[in-house]
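Note sheet for the following structure.
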Amino acid sequence: MARKPAPQDPLAQVRSLLERLTLTTAARCLQDLLAQAEGTHPAYSEFLHQLLEAEQNSRWERKLQRRRRWSKLGPPLALEGFDWAARPQLSPQVVKELLTCRFIDEHRNVILVGRPSTGKTTVAKAIGHAACSHALSVYYAPTAEVLDTLHAARADGTYRKVFRRVTAADLLILDDAGFSDLGRDAANELFRVVCARYRQRSTLVVSNLPFKQWAEFLPSPAQAVAIADRLVDDATILRFSGTPYRQPRDVHGAPLDNE
């Protein structure tokens, strides 16, 4: 007489089905939610909602983690400890509005300009992390690094892929713009990036130099005007002034002529 097959565990069957549907978090949480339901007796629809909500929340968090990793922004950064008193002409309300990331939805640019060590990069990275928390794609890098990467991509045949990654991000953060002089090829790459993103994506630029001095590090005044005009069009500009954060502990000797 043939033996009857052993009955399958319904819970195991459901878990297996969830895994095949790639609902991995729901499969992992199923037993705990069932145990909780034995005490609370939720409606079937409420239990199903709890199960699917756990899956949704897990997927959202994984998406945010990918955004942060892809952005190259580094550890999460906020502005709770930012010393606004040291920057009396910088409006906290304007910065907090930028943290809502509405300017990205509007495809507007943001320019942070001022002397070194006044908090520009800190504010830029905080805005970048806020964008990541909204599941927006962010790409952060020093300007020279972006241009060097594009130049290298021309040599190894990956230019289209790299250019698309730079220009397709919802928010591109170019730090240290104007820190070093650009050759004609690098300036042309910068112009191409700015033109590709103009009124299509938001670009945030951090610079120690005001735009009227951009001709000092670009090969020609015409290029400086062409790039600056597209960046400042309908942009929000934050000017950082005041005493630099980084200061020496002691100063000895007579003042130097250039101090």
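Following the order of the structure tokens, first chain is A, next is B, and so on, with residues numbered from 1 inside each chain and ligands from 1 in the order they appear.
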(request) Please provide as JSON, numbers by chain all residues within 8 Å of Ala86 (chain A), with the sequence filter that same-chain residues fewer than 2 positions apart are discarded (counting only C-alpha atoms). (result) {"A": [83, 84, 88, 242, 243]}
Selected residues, N, CA, C and O atoms, written as a short mmCIF file (atom, residue, chain, number, x, y, z; two decimals), in the first residue's frame, please.
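So the final result, stored in part37.cif, reads:
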data_model
loop_
_atom_site.label_atom_id
_atom_site.label_comp_id
_atom_site.auth_asym_id
_atom_site.auth_seq_id
_atom_site.Cartn_x
_atom_site.Cartn_y
_atom_site.Cartn_z
N ASP A 83 27.32 76.50 13.16
CA ASP A 83 27.40 77.77 13.89
C ASP A 83 26.91 78.91 12.99
O ASP A 83 27.70 79.54 12.28
N TRP A 84 25.61 79.16 13.03
CA TRP A 84 25.05 80.22 12.20
C TRP A 84 25.52 81.59 12.66
O TRP A 84 25.62 82.52 11.84
N PRO A 88 26.80 85.55 10.08
CA PRO A 88 25.60 86.35 10.34
C PRO A 88 24.85 86.77 9.08
O PRO A 88 23.65 87.04 9.14
N GLY A 242 32.96 85.93 6.91
CA GLY A 242 33.28 85.79 8.32
C GLY A 242 34.62 85.11 8.55
O GLY A 242 35.35 84.79 7.61
N THR A 243 34.93 84.88 9.81
CA THR A 243 36.21 84.29 10.20
C THR A 243 36.25 82.81 9.83
O THR A 243 35.30 82.07 10.11
#
(message) According to DSSP computed on the backbone, where in region 37-205 of chain A is there alpha helix (DSSP H)? Give the residues as number ranges by chain.
(response) A: 37-40, 44-71, 92-98, 102-105, 120-133, 143-156, 159-168, 184-197
(request) Please indicate the distance in Å from CA of Leu204 (chain A) to CA of Val110 (chain A), rounded to one decimal place. (result)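 Distance between the two atoms: 4.7 Å.
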(request) Compare A:Arg62, A:Arg68, A:Lys120, A:His49 by their minimum atom-to-atom distance to Arg239 (chain A), counting only C-alpha atoms, and give me the closest one. (result) A:Lys120
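Between CA of Leu18 (chain A) and CA of Arg67 (chain A) the interatomic distance comes to 26.0 Å.
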(request) List the neighbours of region 136-141 of chain A out to 10 Å using only C-alpha atoms; skip same-chain residues closer than 2 positions along the sequence, and give me the result as a ChimeraX atom specification. (result) /A:63-64,66-74,101,104-105,124-125,127-134,143-147,165-176,202-204
(message) What's the separation between CA of Pro75 (chain A) and CA of Ala135 (chain A), in Å to one decimal place?
(response)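 Straight-line distance from CA of Pro75 (chain A) to CA of Ala135 (chain A) works out to 16.2 Å.
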(message) Considering only C-alpha atoms, can you say which of A:Thr25, A:Gln31, A:Ser45, A:Gln36 comes closest to Arg59 (chain A)?
(response) A:Thr25
(request) Measuring atom to atom with only C-alpha atoms, identify which of A:Pro219, A:His107, A:Gln89, A:Ala54 is nearest to Leu231 (chain A). (result)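 Ranking A:Pro219, A:His107, A:Gln89, A:Ala54 by distance to Leu231 (chain A), first place goes to A:His107.
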